[in-house]
Protein chains: 2
Amino acid sequence: MIILGIDTAIRKTGYGIIRMDALGSLEILDCGIIKNAPSLPHSECLRRLAGGIRELVSQFKPDVASLEAAFVSKNIKTAMILSLARGAVITALAESGVPAFEYSPKSAKRAATGIGDAAKEQVASILAVMGGLDIAQIPDDATDALALAYCHGNLAFHANAGIVDMPVPI
Amino acid sequence: MIILGIDTAIRKTGYGIIRMDALGSLEILDCGIIKNAPSLPHSECLRRLAGGIRELVSQFKPDVASLEAAFVSKNIKTAMILSLARGAVITALAESGVPAFEYSPKSAKRAATGIGDAAKEQVASILAVMGGLDIAQIPDDATDALALAYCHGNLAFHANAGIVDMPVPI
């Protein structure tokens, strides 16, 4: 199963693509960031974001996407701009026929490290070891995306064994 | 100038397409609703919404789109779901090369009727008369979209005459 993890934001969206086999072992295929310059208007950010997701889908053919659940920020304006970006990402995935699931950042970190509030470096170093990658190859902003992808894969692995139920896609 | 007005919502998006000539006179080309059944998951709503916008763009080739500005709802969950839908719409417009502007519902109503808090029926009946259409042909949920389109057209007409400045696209 190939999983595309996405940590969405209007200016800096992290992504991580992993393959997990039937034994639950992890291979990191790619990770990186879709960046939008601060000078770009929102419409252009959304266009680039949707285009970036479509490119990743066509290159890696993920079976599923794993997104960070929308946190309810105290700053409603921030929450609304984040939701705009999520709208672009979810639309691009739906149009590409890739089902999308969402998990909280805590769930993602817990899946990778056993600890819900693990530091980003801990998460990155564990994922690097499991995924057979040098930690230097994981950009800071792609760590959460990789953890989200792993979180879904880990859950699917346990669901396959009849231990847990899968959540409903978005 | 052909203007696509869009009153976005996840379940019921109104649209109105108008043509305004250099003398500021209005012709209503089409209006209607993109509906999503309550049973559909968000991802499918966004896919259908983006697809609907693309269809309208390819049929009517609007020069510009006029959207309802995101109101900051007291209900943050409602605001975030609306923003998801706006993300899908703005992405589809940006990918189609249609610049999008946004106006408050008050501005739109004021442009059409002179009154910011005009009733929907007042707005519809004035637009119907100006646009040479039977009011029965304007669905309730398309009235705001038509007013948004007219609001942009009216502003562009006055900007053209050097009376006002145009706002910046989204």
# chains A, B, ... in the order shown; residues from 1 in each chain; ligands from 1
>>> residues_around(residues="B:Gly51", least_positions_apart="5", cutoff="12 Å", atoms="only C-alpha atoms", output="VMD selection string")
(chain A and resid 91 to 92 94 to 95) or (chain B and resid 34 44 to 46 56 to 58 88 to 93 95 to 96)
>>> select_by_dssp(residues="stretch 1-49 of chain B", states="helix (DSSP H, G or I)", output="PyMOL selection string")
chain B and resi 42-49
>>> write_last_selection(atoms="C-alpha atoms", output="compact mmCIF listing (two decimals), in the first residue's frame")
# COMPACT_ATOMS: atom_id res chain seq x y z
CA HIS B 42 -17.15 16.37 1.99
CA SER B 43 -14.58 15.11 -0.53
CA GLU B 44 -17.34 14.25 -3.00
CA CYS B 45 -19.07 17.62 -2.42
CA LEU B 46 -15.81 19.42 -3.22
CA ARG B 47 -15.21 17.30 -6.32
CA ARG B 48 -18.71 18.04 -7.64
CA LEU B 49 -18.42 21.72 -6.77
>>> closest_residue(among="A:Leu23, A:Cys31, A:Leu67, A:Ile170", to="chain B", atoms="only C-alpha atoms")
A:Ile170
>>> residues_around(residues="stretch 146-159 of chain A", least_positions_apart="2", cutoff="7 Å", atoms="only C-alpha atoms", output="PyMOL selection string")
chain A and resi 3-5+15-18+20+24+66-68+103+108-109+111-112+142-144+161-166
>>> calpha_fit_and_write(fixed="chain A", moving="chain B", output="short mmCIF file (atom, residue, chain, number, x, y, z; two decimals) with C-alpha atoms, in the first residue's frame")
data_model
loop_
_atom_site.label_atom_id
_atom_site.label_comp_id
_atom_site.auth_asym_id
_atom_site.auth_seq_id
_atom_site.Cartn_x
_atom_site.Cartn_y
_atom_site.Cartn_z
CA MET B 1 0.01 0.00 0.02
CA ILE B 2 1.34 3.43 -1.00
CA ILE B 3 0.26 6.29 1.26
CA LEU B 4 0.58 10.03 0.63
CA GLY B 5 0.76 11.99 3.90
CA ILE B 6 -0.06 15.69 3.66
CA ASP B 7 0.45 18.37 6.30
CA THR B 8 -1.50 21.18 4.66
CA ALA B 9 -0.84 24.92 4.95
CA ILE B 10 -1.38 27.79 2.53
CA ARG B 11 2.34 28.72 2.37
CA LYS B 12 4.19 25.52 3.26
CA THR B 13 2.61 22.10 2.72
CA GLY B 14 4.68 19.11 3.78
CA TYR B 15 4.23 15.78 2.03
CA GLY B 16 5.60 12.29 2.56
CA ILE B 17 5.06 9.19 0.44
CA ILE B 18 5.59 5.79 1.97
CA ARG B 19 5.08 2.17 1.03
CA MET B 20 4.03 -0.29 3.71
CA ASP B 21 4.04 -4.00 3.03
CA ALA B 22 1.79 -6.71 4.46
CA LEU B 23 4.19 -7.21 7.38
CA GLY B 24 3.93 -3.53 8.35
CA SER B 25 7.44 -2.56 7.29
CA LEU B 26 8.03 0.94 6.03
CA GLU B 27 9.80 2.34 2.98
CA ILE B 28 9.97 6.12 2.48
CA LEU B 29 9.61 6.84 -1.25
CA ASP B 30 9.79 10.63 -1.13
CA CYS B 31 9.18 13.61 1.09
CA GLY B 32 9.32 17.35 0.63
CA ILE B 33 7.47 20.65 0.71
CA ILE B 34 5.15 22.57 -1.61
CA LYS B 35 6.09 26.17 -0.97
CA ASN B 36 4.17 29.33 -1.86
CA ALA B 37 5.93 32.68 -1.60
CA PRO B 38 4.33 35.15 0.85
CA SER B 39 3.76 37.54 -2.06
CA LEU B 40 1.41 35.14 -3.89
CA PRO B 41 -2.34 35.78 -3.69
CA HIS B 42 -4.48 33.02 -2.18
CA SER B 43 -5.92 31.96 -5.54
CA GLU B 44 -2.43 31.30 -6.90
CA CYS B 45 -1.42 29.42 -3.71
CA LEU B 46 -4.45 27.15 -4.10
CA ARG B 47 -3.75 26.58 -7.79
CA ARG B 48 -0.14 25.60 -7.07
CA LEU B 49 -1.16 23.43 -4.14
CA ALA B 50 -3.76 21.47 -6.13
CA GLY B 51 -1.30 21.14 -9.02
CA GLY B 52 1.43 19.88 -6.68
CA ILE B 53 -0.85 17.23 -5.21
CA ARG B 54 -1.91 16.10 -8.69
CA GLU B 55 1.75 15.78 -9.70
CA LEU B 56 2.54 13.62 -6.64
CA VAL B 57 -0.50 11.44 -7.34
CA SER B 58 0.46 10.91 -10.97
CA GLN B 59 4.08 10.13 -10.06
CA PHE B 60 3.55 7.81 -7.08
CA LYS B 61 -0.02 6.53 -7.61
CA PRO B 62 -0.89 6.44 -3.89
CA ASP B 63 -3.73 4.15 -2.82
CA VAL B 64 -4.78 6.58 -0.14
CA ALA B 65 -3.97 9.97 1.38
CA SER B 66 -3.58 10.79 5.07
CA LEU B 67 -4.24 14.40 6.07
CA GLU B 68 -3.83 16.33 9.24
CA ALA B 69 -7.30 16.90 10.70
CA ALA B 70 -8.33 20.56 10.75
CA PHE B 71 -7.54 21.84 14.18
CA VAL B 72 -10.01 24.37 15.52
CA SER B 73 -7.69 27.32 16.03
CA LYS B 74 -8.62 30.10 18.41
CA ASN B 75 -7.75 32.41 15.54
CA ILE B 76 -10.75 32.01 13.25
CA LYS B 77 -9.04 33.79 10.34
CA THR B 78 -6.12 31.34 10.48
CA ALA B 79 -8.55 28.42 10.62
CA MET B 80 -10.45 29.73 7.59
CA ILE B 81 -7.28 30.18 5.49
CA LEU B 82 -6.11 26.70 6.45
CA SER B 83 -9.51 25.36 5.42
CA LEU B 84 -9.19 27.08 2.02
CA ALA B 85 -5.91 25.19 1.50
CA ARG B 86 -7.47 21.92 2.69
CA GLY B 87 -10.31 22.51 0.21
CA ALA B 88 -7.79 22.70 -2.65
CA VAL B 89 -5.97 19.55 -1.46
CA ILE B 90 -9.10 17.46 -0.84
CA THR B 91 -10.55 18.54 -4.22
CA ALA B 92 -7.36 17.51 -6.06
CA LEU B 93 -7.36 14.14 -4.26
CA ALA B 94 -11.07 13.52 -4.89
CA GLU B 95 -10.67 14.42 -8.57
CA SER B 96 -7.78 11.96 -8.76
CA GLY B 97 -9.84 9.23 -7.10
CA VAL B 98 -7.58 9.01 -4.03
CA PRO B 99 -9.59 8.47 -0.81
CA ALA B 100 -8.47 10.77 2.01
CA PHE B 101 -8.42 10.06 5.73
CA GLU B 102 -7.56 12.49 8.48
CA TYR B 103 -5.77 12.13 11.80
CA SER B 104 -4.82 14.51 14.58
CA PRO B 105 -1.13 15.44 14.88
CA LYS B 106 -1.13 13.63 18.23
CA SER B 107 -2.38 10.38 16.69
CA ALA B 108 0.28 10.65 13.99
CA LYS B 109 3.11 11.19 16.48
CA ARG B 110 1.83 8.47 18.75
CA ALA B 111 1.72 6.00 15.85
CA ALA B 112 5.34 6.75 14.96
CA THR B 113 6.89 7.07 18.41
CA GLY B 114 4.38 5.85 20.96
CA ILE B 115 4.25 9.38 22.38
CA GLY B 116 1.50 11.87 21.37
CA ASP B 117 3.56 14.95 22.10
CA ALA B 118 6.92 13.71 20.82
CA ALA B 119 9.34 16.36 19.54
CA LYS B 120 9.65 16.72 15.76
CA GLU B 121 13.26 15.48 15.85
CA GLN B 122 12.24 12.32 17.73
CA VAL B 123 9.53 11.63 15.15
CA ALA B 124 11.93 12.26 12.26
CA SER B 125 14.68 10.07 13.68
CA ILE B 126 12.37 7.11 14.34
CA LEU B 127 10.77 7.38 10.88
CA ALA B 128 14.24 7.64 9.30
CA VAL B 129 15.40 4.45 11.03
CA MET B 130 12.20 2.55 10.20
CA GLY B 131 12.15 3.88 6.62
CA GLY B 132 15.85 3.21 5.97
CA LEU B 133 16.63 6.84 5.25
CA ASP B 134 19.27 9.27 6.47
CA ILE B 135 17.48 11.74 8.77
CA ALA B 136 19.14 14.61 6.87
CA GLN B 137 16.92 13.67 3.92
CA ILE B 138 13.75 14.47 5.88
CA PRO B 139 13.04 18.21 5.82
CA ASP B 140 11.62 19.54 9.07
CA ASP B 141 8.32 20.49 7.43
CA ALA B 142 7.85 17.02 5.94
CA THR B 143 8.14 15.17 9.25
CA ASP B 144 4.49 15.56 10.23
CA ALA B 145 3.38 14.48 6.75
CA LEU B 146 5.47 11.29 7.00
CA ALA B 147 4.07 10.62 10.46
CA LEU B 148 0.53 11.06 9.09
CA ALA B 149 1.24 8.58 6.29
CA TYR B 150 2.72 6.12 8.76
CA CYS B 151 -0.23 6.59 11.12
CA HIS B 152 -2.68 5.51 8.42
CA GLY B 153 -0.48 2.61 7.32
CA ASN B 154 -0.07 1.40 10.86
CA LEU B 155 -3.81 1.58 11.48
CA ALA B 156 -4.58 -0.25 8.24
CA PHE B 157 -2.07 -2.95 9.25
CA HIS B 158 -3.79 -3.41 12.60
CA ALA B 159 -7.25 -3.25 11.03
CA ASN B 160 -6.15 -5.95 8.61
CA ALA B 161 -5.27 -8.10 11.59
CA GLY B 162 -8.74 -7.46 13.01
CA ILE B 163 -7.42 -5.49 16.00
CA VAL B 164 -8.99 -2.09 15.18
CA ASP B 165 -11.61 -0.62 12.85
CA MET B 166 -10.71 1.80 10.06
CA PRO B 167 -12.11 5.36 10.25
CA VAL B 168 -14.38 6.74 7.53
CA PRO B 169 -12.73 8.74 4.71
CA ILE B 170 -13.40 12.48 4.50
#
